[in-house]
Number of protein chains: 2
Amino acid sequence: MKINYNFLVLKDSYLFSLIAKKVNEYKQQNPEKDVIRLGIGDVTLPLVPAVVEAMHKAVSEMGSADTFKGYGEEQGYGFLRQAVCDYYAKKGVKLDTSEVFISDGAKSDIGNILDIFDSANTVIIPDPVYPVYVDTNIMAGRKIKFINGNKENNFLPLPDGKTEGDIVYICSPNNPTGAVYIKEQLKIWVDWALERDAVILFDSAYEVFIKDESLPTSIFQIPGARNCAIEFCSLSKTAGFTGTRCGYTVIPHELVRDKVPLNKLWLRRQTTKFNGVPYIVQRGAEAVFTEAGMNQIKEQINYYLGNASIIADTLTDLGIWFTGGTNSPYIWLKCPNNMSSWEFFDFLLNNCSIVGTPGAGFGDNGEGYFRLTAFGNRKNVVEAMDRIKMMII
Amino acid sequence: MKINYNFLVLKDSYLFSLIAKKVNEYKQQNPEKDVIRLGIGDVTLPLVPAVVEAMHKAVSEMGSADTFKGYGEEQGYGFLRQAVCDYYAKKGVKLDTSEVFISDGAKSDIGNILDIFDSANTVIIPDPVYPVYVDTNIMAGRKIKFINGNKENNFLPLPDGKTEGDIVYICSPNNPTGAVYIKEQLKIWVDWALERDAVILFDSAYEVFIKDESLPTSIFQIPGARNCAIEFCSLSKTAGFTGTRCGYTVIPHELVRDKVPLNKLWLRRQTTKFNGVPYIVQRGAEAVFTEAGMNQIKEQINYYLGNASIIADTLTDLGIWFTGGTNSPYIWLKCPNNMSSWEFFDFLLNNCSIVGTPGAGFGDNGEGYFRLTAFGNRKNVVEAMDRIKMMII
C-alpha cells in the first residue's frame, strides 16, 4: 500500500490561518476597535428573489411523487444547459448544449479536469495565482513552469519566444489581481496554443463583472479558441452561489488531442466519477439566466463594482499603483513605501483596523502587493477608505 | 500535449443503452402491452416531509442577508457531521466529527478517493460489481485483480491464501447481488487487510435496508476496522436523495499508511478540489437524521423492502435460486432453464412485458444471472410477479 506521495510535496497554506490569528490577537488587544474586513473572497448579498422562488418551487416538486426527480444526467439538465447556451449567444458565442457540462462549481472542475490529461504534461501557471491551479497539479505529479505577472506587464503575462508547455491556466478577470486581458492579448495566447497543440484552461469565474464591452468575457470570443480552450465558469460570484454550488464547463467539439475529442473524455470522467448537481440547485441556476434573474443579479454586481470603484478612486487619489478595481471585484495594489505584503498587512490592521490579503500568499510575485476585495458592504468600504486616507498621505 | 491514455482502455458500456433499444423496439411492436420496469436502480418515492420542510426553510434563509450562507467548510457543516456521528452512535460506532466528510454522493467520493493512493497499488474488486469501481481504477492506470462472487459463495467472496492486493472494494448489502456479509465474514476481510496494511473501501450505500440486527451496517462495527477501512455512504437510497445529492465518507484517525493519516490526505484533497455541498441540501440531509425524518424514511424503506419480499417469495415458490430480497432492495437470480442473462432478458420482455437488468452487465460472473430491483411501485411489482408465475412453472 502506497499513498500518493505527491501530496507530501504540497506546501501547507498558512495564509488565511495566519490572517485569522493576527486579527484575533488585534481584537483582543483592541476590543473597542471596529475591524473592517476587505480581504473577504466571499459574497455577502443574498440570493436574488428569482432564484429563491425557483428553488422553493423545486423543493416542493421534490416532495410530491408526480413531480419528484431522481437521478438526472451527470452533465446537467437540458433546461440549464440550454440557458447557458442562450447566455453565451448574447456574447456572440455559439455553443451546442452537448458542449456544456453543469457542475457543482468551477473549483471542482478545474481540479478534476486534470484527470483527462497525462501526468507527463508540462503546465504553465501565472504567478501570482489562485492556489488551486498549483496544488491540483502537484497532486498529480505534473511539472509546473511559472510565468511572471508583474508591474511591467500589468500582471497580464503573455508568452514569449521561450514559453513552452502543454497546458496553460488563464484567469481573466484575474483572481487575485483584478487585471483583465484585452482581446488582442488573448489572441496571442490562443495562437500560441494552436501552434503547439497546447490546451488553455480559461477561468472566467468573474466575467460578469466586465462592464467594458470591448473586453472579452469568454475565451470563445477569440478566433481559434474552439480548437484549443476549455472554459470554466461559476455562478458563485455571478449570483451569490458560493454556498449554493453551481458552475459550468465548456468543451467545444473541435478540441481534439491525440485524435480524441476532449469533450468525450470529460463526459466519460463525469459520468464515472460524478452524479450531477441537485435538481433544486439547477432550477435556481436556470432562474439566474431569466430576464428577471439577470436584472436582479445586475443590481448586485453593480453594488460590488461600486465598492470597487470607491476603493480604486481612493488609491488613485493617494497615488498608489494598482490593477483591477474596474471590470473586477478585486483590487491589487502596490504596498506603499515599499512595504512587504505582511508589513502592509500589519500596518493596515494596526493603524486602520482594516483586514486585507497579503499578495505574497498568491505566489512569489505577489510579494510587495496586497489584495482588497469589493464584496463587503458599502458603509464599511466608505469608512475603510476614510481611514486609509487619514493614515496614508 | 498528451491525453490520459488510460481512458482509451475503458470499455464502452452498452448495457443500459441496449436495454433501452430493446424495450423501445418491443413497445413499438406491442403498443398495447403494459411494460413494467423492474430494472430501475433509482428511487421513486418523493422526499419525505421533514426534508422538504427543512429545505424550504434553508432556501428562505439564503434569500435574506442576515441568514445568507456563502462558502461553508469543504467537509460539511458541523451540524450535519454531528448528525452523522449521532447516527453511527446508535449503531455502536463512535466517531469524531473530524472523521466525517460530507459530499455530493458516494459515487463521487468512491471515484475521487483514489487521488490519495499511488497508482502503482493493486486493487481487488469482486465480480460481479458496480462498474464505477472498475472504471475509476482503469482511468488511473491501476492494476486490477478480480475475485469471484458465485453461487458457491453466495456472491460473498472472501480472501483465500492467495489473495494479495493493496486496496479492496466491499459493498454490503451488495449492488447488484443484494447479498449481505455477516460480521464473521467482514472480520475475515478486516484481518486480511490488517495483516498486509491494505485498505478496505467499504460501500455501505444500502445499509439502511438491513433489518436483521445481527448483520453489520457499518464496517466499523468490526474490531480493527478503524485501522484499515474507509466507509462510503449516501442518502440516495436511504432518503430518496438520488436527485438531491448528499453522501458522507468516514476516515478514522487510526487509518495511517506510510506514516501519513489518510484522513489528513483526504481533507487536503477535498479542500483543494471540492467546495462543499449546498447549504440547502445539508439542511435537508440533517432533517433525515431527526426523529421525524427517521420515522418517515423508515416507512419508505419498508415499502421498498415489501416489494423485495414479494419478488423473493415468488422466486422461492418457483424454485429459482437467488440472493438478496431481504435486507436489500436488490434481487439477484439465477436465470431459469440455464438461460444466459440476455436470453432471460428477452424472455421476460417478450413473454411478460417485464424489464430487468442482465447480470452479464456487471461482470463475467454475472453471466447467467439477472437483477431485479424493489424501487418500483407495489401494484406493478404484484402484477409483474403474477405474470412471471403464469409463464415460468
# chains A, B, ... in the order shown; residues from 1 in each chain; ligands from 1

call {"tool": "residues_around", "arguments": {"residues": "Lys27 (chain B)", "least_positions_apart": "6", "cutoff": "12 Å", "atoms": "only C-alpha atoms", "output": "list in words"}}
result
Ala20, Lys21, Lys33, Asp34, Val35, Ile36, Leu349, Asn350, Ser353, Ile354 and Val355 of chain B

call {"tool": "residues_around", "arguments": {"residues": "Leu255 (chain B)", "least_positions_apart": "3", "cutoff": "8 Å", "atoms": "only C-alpha atoms", "output": "JSON, numbers by chain"}}
result
{"B": [226, 227, 228, 229, 251, 252, 261, 262, 263]}

call {"tool": "residues_around", "arguments": {"residues": "Ala239 (chain A)", "least_positions_apart": "6", "cutoff": "7 Å", "atoms": "only C-alpha atoms", "output": "list in words"}}
result
Leu47, Val288 and Ile297 of chain A

call {"tool": "write_last_selection", "arguments": {"atoms": "N, CA and C atoms", "output": "mmCIF file, in the first residue's frame"}}
result
data_model
loop_
_atom_site.group_PDB
_atom_site.id
_atom_site.type_symbol
_atom_site.label_atom_id
_atom_site.label_comp_id
_atom_site.auth_asym_id
_atom_site.auth_seq_id
_atom_site.Cartn_x
_atom_site.Cartn_y
_atom_site.Cartn_z
ATOM 1 N N LEU A 47 -29.142 35.436 -2.084
ATOM 2 C CA LEU A 47 -29.658 35.006 -3.389
ATOM 3 C C LEU A 47 -30.796 35.937 -3.800
ATOM 4 N N VAL A 288 -31.312 32.268 -12.715
ATOM 5 C CA VAL A 288 -30.311 33.332 -12.868
ATOM 6 C C VAL A 288 -30.337 33.870 -14.295
ATOM 7 N N ILE A 297 -29.483 40.159 -10.578
ATOM 8 C CA ILE A 297 -28.048 39.983 -10.267
ATOM 9 C C ILE A 297 -27.243 41.196 -10.747
#

call {"tool": "atom_distance", "arguments": {"atom1": "CA of Ala193 (chain A)", "atom2": "CA of Met1 (chain B)"}}
result
10.3 Å

call {"tool": "select_by_dssp", "arguments": {"residues": "region 116-291 of chain B", "states": "helix (DSSP H, G or I)", "output": "PyMOL selection string"}}
result
chain B and resi 116+131-139+183-195+207-209+219-221+225-227+262-273+279-288+291

call {"tool": "write_last_selection", "arguments": {"atoms": "C-alpha atoms", "output": "PDB file, in the first residue's frame"}}
result
ATOM      1  CA  ILE B 116      -4.815   9.856  -2.340  1.00  0.00           C
ATOM      2  CA  PRO B 131     -18.960  -0.705 -12.679  1.00  0.00           C
ATOM      3  CA  VAL B 132     -17.659   2.547 -11.102  1.00  0.00           C
ATOM      4  CA  TYR B 133     -15.096   0.624  -9.013  1.00  0.00           C
ATOM      5  CA  VAL B 134     -13.553  -0.792 -12.160  1.00  0.00           C
ATOM      6  CA  ASP B 135     -13.651   2.248 -14.435  1.00  0.00           C
ATOM      7  CA  THR B 136     -12.210   4.705 -11.903  1.00  0.00           C
ATOM      8  CA  ASN B 137      -9.206   2.433 -11.397  1.00  0.00           C
ATOM      9  CA  ILE B 138      -8.694   1.898 -15.104  1.00  0.00           C
ATOM     10  CA  MET B 139      -8.661   5.696 -15.524  1.00  0.00           C
ATOM     11  CA  LYS B 183     -19.911  -9.944  10.899  1.00  0.00           C
ATOM     12  CA  GLU B 184     -17.655 -13.000  10.918  1.00  0.00           C
ATOM     13  CA  GLN B 185     -17.103 -12.650   7.160  1.00  0.00           C
ATOM     14  CA  LEU B 186     -16.253  -8.960   7.374  1.00  0.00           C
ATOM     15  CA  LYS B 187     -13.868  -9.809  10.217  1.00  0.00           C
ATOM     16  CA  ILE B 188     -12.002 -12.086   7.792  1.00  0.00           C
ATOM     17  CA  TRP B 189     -11.596  -9.147   5.392  1.00  0.00           C
ATOM     18  CA  VAL B 190     -10.517  -6.794   8.188  1.00  0.00           C
ATOM     19  CA  ASP B 191      -7.911  -9.265   9.449  1.00  0.00           C
ATOM     20  CA  TRP B 192      -6.704  -9.808   5.899  1.00  0.00           C
ATOM     21  CA  ALA B 193      -6.280  -6.034   5.438  1.00  0.00           C
ATOM     22  CA  LEU B 194      -4.562  -5.539   8.798  1.00  0.00           C
ATOM     23  CA  GLU B 195      -2.074  -8.316   8.071  1.00  0.00           C
ATOM     24  CA  GLU B 207     -27.093  -0.170   4.932  1.00  0.00           C
ATOM     25  CA  VAL B 208     -30.492   1.273   5.827  1.00  0.00           C
ATOM     26  CA  PHE B 209     -32.194  -1.724   4.187  1.00  0.00           C
ATOM     27  CA  ILE B 219     -17.523  -1.852   8.683  1.00  0.00           C
ATOM     28  CA  PHE B 220     -16.643  -0.011  11.892  1.00  0.00           C
ATOM     29  CA  GLN B 221     -18.745  -2.487  13.858  1.00  0.00           C
ATOM     30  CA  ALA B 225     -11.643  -1.740  11.038  1.00  0.00           C
ATOM     31  CA  ARG B 226     -10.644   1.712  12.255  1.00  0.00           C
ATOM     32  CA  ASN B 227      -7.090   0.798  11.296  1.00  0.00           C
ATOM     33  CA  LEU B 262      -5.367   9.119   5.285  1.00  0.00           C
ATOM     34  CA  ASN B 263      -7.909  11.441   6.929  1.00  0.00           C
ATOM     35  CA  LYS B 264      -5.442  14.290   6.503  1.00  0.00           C
ATOM     36  CA  LEU B 265      -4.785  13.405   2.837  1.00  0.00           C
ATOM     37  CA  TRP B 266      -8.497  13.311   2.043  1.00  0.00           C
ATOM     38  CA  LEU B 267      -9.066  16.614   3.834  1.00  0.00           C
ATOM     39  CA  ARG B 268      -6.363  18.144   1.675  1.00  0.00           C
ATOM     40  CA  ARG B 269      -7.840  16.575  -1.463  1.00  0.00           C
ATOM     41  CA  GLN B 270     -11.308  17.878  -0.675  1.00  0.00           C
ATOM     42  CA  THR B 271     -10.260  21.380   0.380  1.00  0.00           C
ATOM     43  CA  THR B 272      -8.284  21.650  -2.866  1.00  0.00           C
ATOM     44  CA  LYS B 273     -10.665  20.064  -5.396  1.00  0.00           C
ATOM     45  CA  TYR B 279     -26.213  24.584   2.395  1.00  0.00           C
ATOM     46  CA  ILE B 280     -29.829  23.861   1.418  1.00  0.00           C
ATOM     47  CA  VAL B 281     -29.038  20.209   0.761  1.00  0.00           C
ATOM     48  CA  GLN B 282     -27.088  19.869   4.019  1.00  0.00           C
ATOM     49  CA  ARG B 283     -30.096  21.188   5.939  1.00  0.00           C
ATOM     50  CA  GLY B 284     -32.280  18.648   4.112  1.00  0.00           C
ATOM     51  CA  ALA B 285     -29.809  15.893   4.975  1.00  0.00           C
ATOM     52  CA  GLU B 286     -29.753  16.964   8.634  1.00  0.00           C
ATOM     53  CA  ALA B 287     -33.543  16.521   8.694  1.00  0.00           C
ATOM     54  CA  VAL B 288     -33.165  12.889   7.584  1.00  0.00           C
ATOM     55  CA  GLU B 291     -36.676  11.567  14.820  1.00  0.00           C
TER      56      GLU B 291
END

call {"tool": "residues_around", "arguments": {"residues": "Thr316 (chain B)", "least_positions_apart": "6", "cutoff": "12 Å", "atoms": "only C-alpha atoms", "output": "CSV table (one decimal) with C-alpha atoms, in the first residue's frame"}}
result
chain,number,residue,atom,x,y,z
B,309,SER,CA,-40.2,-9.6,-0.3
B,310,ILE,CA,-43.0,-10.1,-2.9
B,322,PHE,CA,-31.4,-16.0,-5.7
B,323,THR,CA,-29.5,-13.8,-3.3
B,324,GLY,CA,-30.8,-10.6,-1.7
B,325,GLY,CA,-34.5,-9.8,-1.4
B,331,ILE,CA,-32.7,-9.5,-6.0
B,333,LEU,CA,-31.5,-14.5,-9.5
B,334,LYS,CA,-30.1,-17.5,-11.4
B,385,MET,CA,-44.9,-11.4,-10.2
B,389,LYS,CA,-45.8,-17.1,-12.2
B,393,ILE,CA,-43.6,-23.1,-13.9

call {"tool": "decode", "arguments": {"residues": "region 182-228 of chain A", "atoms": "N, CA and C atoms", "output": "PDB file, in the first residue's frame"}}
result
ATOM      1  N   ILE A 182      -7.161  42.057 -22.738  1.00  0.00           N
ATOM      2  CA  ILE A 182      -7.928  42.532 -23.891  1.00  0.00           C
ATOM      3  C   ILE A 182      -7.918  41.425 -24.954  1.00  0.00           C
ATOM      4  N   LYS A 183      -8.783  41.584 -25.956  1.00  0.00           N
ATOM      5  CA  LYS A 183      -8.915  40.529 -26.967  1.00  0.00           C
ATOM      6  C   LYS A 183      -7.596  40.227 -27.670  1.00  0.00           C
ATOM      7  N   GLU A 184      -6.852  41.264 -27.985  1.00  0.00           N
ATOM      8  CA  GLU A 184      -5.597  41.073 -28.714  1.00  0.00           C
ATOM      9  C   GLU A 184      -4.607  40.246 -27.893  1.00  0.00           C
ATOM     10  N   GLN A 185      -4.637  40.423 -26.585  1.00  0.00           N
ATOM     11  CA  GLN A 185      -3.748  39.636 -25.725  1.00  0.00           C
ATOM     12  C   GLN A 185      -4.192  38.171 -25.663  1.00  0.00           C
ATOM     13  N   LEU A 186      -5.481  37.948 -25.521  1.00  0.00           N
ATOM     14  CA  LEU A 186      -5.955  36.551 -25.503  1.00  0.00           C
ATOM     15  C   LEU A 186      -5.671  35.873 -26.838  1.00  0.00           C
ATOM     16  N   LYS A 187      -5.734  36.671 -27.928  1.00  0.00           N
ATOM     17  CA  LYS A 187      -5.436  36.106 -29.249  1.00  0.00           C
ATOM     18  C   LYS A 187      -3.995  35.585 -29.289  1.00  0.00           C
ATOM     19  N   ILE A 188      -3.101  36.289 -28.627  1.00  0.00           N
ATOM     20  CA  ILE A 188      -1.697  35.840 -28.576  1.00  0.00           C
ATOM     21  C   ILE A 188      -1.610  34.475 -27.875  1.00  0.00           C
ATOM     22  N   TRP A 189      -2.356  34.316 -26.798  1.00  0.00           N
ATOM     23  CA  TRP A 189      -2.365  33.023 -26.092  1.00  0.00           C
ATOM     24  C   TRP A 189      -3.007  31.929 -26.959  1.00  0.00           C
ATOM     25  N   VAL A 190      -4.096  32.270 -27.637  1.00  0.00           N
ATOM     26  CA  VAL A 190      -4.766  31.271 -28.483  1.00  0.00           C
ATOM     27  C   VAL A 190      -3.826  30.821 -29.609  1.00  0.00           C
ATOM     28  N   ASP A 191      -3.175  31.778 -30.249  1.00  0.00           N
ATOM     29  CA  ASP A 191      -2.250  31.419 -31.338  1.00  0.00           C
ATOM     30  C   ASP A 191      -1.091  30.576 -30.814  1.00  0.00           C
ATOM     31  N   TRP A 192      -0.617  30.963 -29.649  1.00  0.00           N
ATOM     32  CA  TRP A 192       0.467  30.190 -29.019  1.00  0.00           C
ATOM     33  C   TRP A 192       0.027  28.738 -28.802  1.00  0.00           C
ATOM     34  N   ALA A 193      -1.198  28.561 -28.292  1.00  0.00           N
ATOM     35  CA  ALA A 193      -1.699  27.206 -28.013  1.00  0.00           C
ATOM     36  C   ALA A 193      -1.905  26.420 -29.305  1.00  0.00           C
ATOM     37  N   LEU A 194      -2.468  27.080 -30.314  1.00  0.00           N
ATOM     38  CA  LEU A 194      -2.731  26.400 -31.582  1.00  0.00           C
ATOM     39  C   LEU A 194      -1.426  25.933 -32.229  1.00  0.00           C
ATOM     40  N   GLU A 195      -0.398  26.759 -32.142  1.00  0.00           N
ATOM     41  CA  GLU A 195       0.889  26.413 -32.773  1.00  0.00           C
ATOM     42  C   GLU A 195       1.505  25.136 -32.218  1.00  0.00           C
ATOM     43  N   ARG A 196       1.256  24.829 -30.938  1.00  0.00           N
ATOM     44  CA  ARG A 196       1.933  23.684 -30.303  1.00  0.00           C
ATOM     45  C   ARG A 196       0.945  22.678 -29.724  1.00  0.00           C
ATOM     46  N   ASP A 197      -0.324  22.756 -30.200  1.00  0.00           N
ATOM     47  CA  ASP A 197      -1.335  21.798 -29.716  1.00  0.00           C
ATOM     48  C   ASP A 197      -1.482  21.818 -28.200  1.00  0.00           C
ATOM     49  N   ALA A 198      -1.235  22.947 -27.585  1.00  0.00           N
ATOM     50  CA  ALA A 198      -1.443  23.077 -26.137  1.00  0.00           C
ATOM     51  C   ALA A 198      -2.926  23.307 -25.857  1.00  0.00           C
ATOM     52  N   VAL A 199      -3.287  23.245 -24.603  1.00  0.00           N
ATOM     53  CA  VAL A 199      -4.676  23.490 -24.200  1.00  0.00           C
ATOM     54  C   VAL A 199      -4.707  24.631 -23.180  1.00  0.00           C
ATOM     55  N   ILE A 200      -5.600  25.593 -23.411  1.00  0.00           N
ATOM     56  CA  ILE A 200      -5.811  26.701 -22.473  1.00  0.00           C
ATOM     57  C   ILE A 200      -6.946  26.324 -21.531  1.00  0.00           C
ATOM     58  N   LEU A 201      -6.699  26.387 -20.229  1.00  0.00           N
ATOM     59  CA  LEU A 201      -7.771  26.231 -19.247  1.00  0.00           C
ATOM     60  C   LEU A 201      -8.150  27.642 -18.810  1.00  0.00           C
ATOM     61  N   PHE A 202      -9.297  28.124 -19.296  1.00  0.00           N
ATOM     62  CA  PHE A 202      -9.683  29.521 -19.115  1.00  0.00           C
ATOM     63  C   PHE A 202     -10.720  29.649 -18.003  1.00  0.00           C
ATOM     64  N   ASP A 203     -10.331  30.338 -16.956  1.00  0.00           N
ATOM     65  CA  ASP A 203     -11.190  30.511 -15.786  1.00  0.00           C
ATOM     66  C   ASP A 203     -11.889  31.866 -15.906  1.00  0.00           C
ATOM     67  N   SER A 204     -13.181  31.813 -16.202  1.00  0.00           N
ATOM     68  CA  SER A 204     -13.923  33.068 -16.423  1.00  0.00           C
ATOM     69  C   SER A 204     -14.913  33.332 -15.287  1.00  0.00           C
ATOM     70  N   ALA A 205     -14.537  32.900 -14.084  1.00  0.00           N
ATOM     71  CA  ALA A 205     -15.452  32.979 -12.939  1.00  0.00           C
ATOM     72  C   ALA A 205     -15.926  34.404 -12.634  1.00  0.00           C
ATOM     73  N   TYR A 206     -15.162  35.413 -13.109  1.00  0.00           N
ATOM     74  CA  TYR A 206     -15.516  36.802 -12.782  1.00  0.00           C
ATOM     75  C   TYR A 206     -15.987  37.581 -14.005  1.00  0.00           C
ATOM     76  N   GLU A 207     -16.369  36.861 -15.076  1.00  0.00           N
ATOM     77  CA  GLU A 207     -16.711  37.523 -16.344  1.00  0.00           C
ATOM     78  C   GLU A 207     -17.862  38.509 -16.209  1.00  0.00           C
ATOM     79  N   VAL A 208     -18.783  38.253 -15.285  1.00  0.00           N
ATOM     80  CA  VAL A 208     -19.977  39.093 -15.181  1.00  0.00           C
ATOM     81  C   VAL A 208     -19.635  40.490 -14.665  1.00  0.00           C
ATOM     82  N   PHE A 209     -18.428  40.653 -14.101  1.00  0.00           N
ATOM     83  CA  PHE A 209     -18.026  41.974 -13.598  1.00  0.00           C
ATOM     84  C   PHE A 209     -17.515  42.887 -14.716  1.00  0.00           C
ATOM     85  N   ILE A 210     -17.337  42.316 -15.910  1.00  0.00           N
ATOM     86  CA  ILE A 210     -16.830  43.129 -17.033  1.00  0.00           C
ATOM     87  C   ILE A 210     -17.940  44.030 -17.569  1.00  0.00           C
ATOM     88  N   LYS A 211     -17.711  45.325 -17.496  1.00  0.00           N
ATOM     89  CA  LYS A 211     -18.686  46.293 -17.999  1.00  0.00           C
ATOM     90  C   LYS A 211     -18.225  46.908 -19.316  1.00  0.00           C
ATOM     91  N   ASP A 212     -16.927  46.921 -19.534  1.00  0.00           N
ATOM     92  CA  ASP A 212     -16.356  47.479 -20.766  1.00  0.00           C
ATOM     93  C   ASP A 212     -16.600  46.487 -21.900  1.00  0.00           C
ATOM     94  N   GLU A 213     -17.456  46.881 -22.852  1.00  0.00           N
ATOM     95  CA  GLU A 213     -17.881  45.924 -23.878  1.00  0.00           C
ATOM     96  C   GLU A 213     -16.781  45.529 -24.850  1.00  0.00           C
ATOM     97  N   SER A 214     -15.668  46.231 -24.815  1.00  0.00           N
ATOM     98  CA  SER A 214     -14.571  45.856 -25.714  1.00  0.00           C
ATOM     99  C   SER A 214     -13.752  44.698 -25.130  1.00  0.00           C
ATOM    100  N   LEU A 215     -13.946  44.396 -23.842  1.00  0.00           N
ATOM    101  CA  LEU A 215     -13.161  43.336 -23.204  1.00  0.00           C
ATOM    102  C   LEU A 215     -13.828  41.969 -23.393  1.00  0.00           C
ATOM    103  N   PRO A 216     -13.045  40.932 -23.585  1.00  0.00           N
ATOM    104  CA  PRO A 216     -13.627  39.594 -23.791  1.00  0.00           C
ATOM    105  C   PRO A 216     -14.171  39.016 -22.473  1.00  0.00           C
ATOM    106  N   THR A 217     -15.376  38.458 -22.515  1.00  0.00           N
ATOM    107  CA  THR A 217     -15.956  37.802 -21.337  1.00  0.00           C
ATOM    108  C   THR A 217     -15.914  36.284 -21.482  1.00  0.00           C
ATOM    109  N   SER A 218     -15.427  35.824 -22.653  1.00  0.00           N
ATOM    110  CA  SER A 218     -15.273  34.384 -22.879  1.00  0.00           C
ATOM    111  C   SER A 218     -14.094  34.186 -23.817  1.00  0.00           C
ATOM    112  N   ILE A 219     -13.311  33.134 -23.569  1.00  0.00           N
ATOM    113  CA  ILE A 219     -12.195  32.831 -24.469  1.00  0.00           C
ATOM    114  C   ILE A 219     -12.728  32.510 -25.874  1.00  0.00           C
ATOM    115  N   PHE A 220     -13.979  32.058 -25.935  1.00  0.00           N
ATOM    116  CA  PHE A 220     -14.533  31.659 -27.235  1.00  0.00           C
ATOM    117  C   PHE A 220     -14.942  32.850 -28.108  1.00  0.00           C
ATOM    118  N   GLN A 221     -14.743  34.054 -27.599  1.00  0.00           N
ATOM    119  CA  GLN A 221     -14.885  35.240 -28.445  1.00  0.00           C
ATOM    120  C   GLN A 221     -13.622  35.473 -29.274  1.00  0.00           C
ATOM    121  N   ILE A 222     -12.600  34.654 -29.012  1.00  0.00           N
ATOM    122  CA  ILE A 222     -11.333  34.792 -29.724  1.00  0.00           C
ATOM    123  C   ILE A 222     -11.263  33.727 -30.830  1.00  0.00           C
ATOM    124  N   PRO A 223     -11.034  34.149 -32.095  1.00  0.00           N
ATOM    125  CA  PRO A 223     -10.971  33.164 -33.184  1.00  0.00           C
ATOM    126  C   PRO A 223      -9.929  32.080 -32.901  1.00  0.00           C
ATOM    127  N   GLY A 224     -10.312  30.838 -33.140  1.00  0.00           N
ATOM    128  CA  GLY A 224      -9.378  29.714 -32.937  1.00  0.00           C
ATOM    129  C   GLY A 224      -9.510  29.053 -31.581  1.00  0.00           C
ATOM    130  N   ALA A 225     -10.183  29.736 -30.641  1.00  0.00           N
ATOM    131  CA  ALA A 225     -10.232  29.202 -29.270  1.00  0.00           C
ATOM    132  C   ALA A 225     -10.985  27.875 -29.188  1.00  0.00           C
ATOM    133  N   ARG A 226     -11.934  27.663 -30.105  1.00  0.00           N
ATOM    134  CA  ARG A 226     -12.681  26.400 -30.053  1.00  0.00           C
ATOM    135  C   ARG A 226     -11.767  25.189 -30.301  1.00  0.00           C
ATOM    136  N   ASN A 227     -10.613  25.433 -30.875  1.00  0.00           N
ATOM    137  CA  ASN A 227      -9.671  24.335 -31.136  1.00  0.00           C
ATOM    138  C   ASN A 227      -8.625  24.152 -30.043  1.00  0.00           C
ATOM    139  N   CYS A 228      -8.651  25.012 -29.026  1.00  0.00           N
ATOM    140  CA  CYS A 228      -7.554  24.912 -28.039  1.00  0.00           C
ATOM    141  C   CYS A 228      -7.949  25.266 -26.612  1.00  0.00           C
TER     142      CYS A 228
END
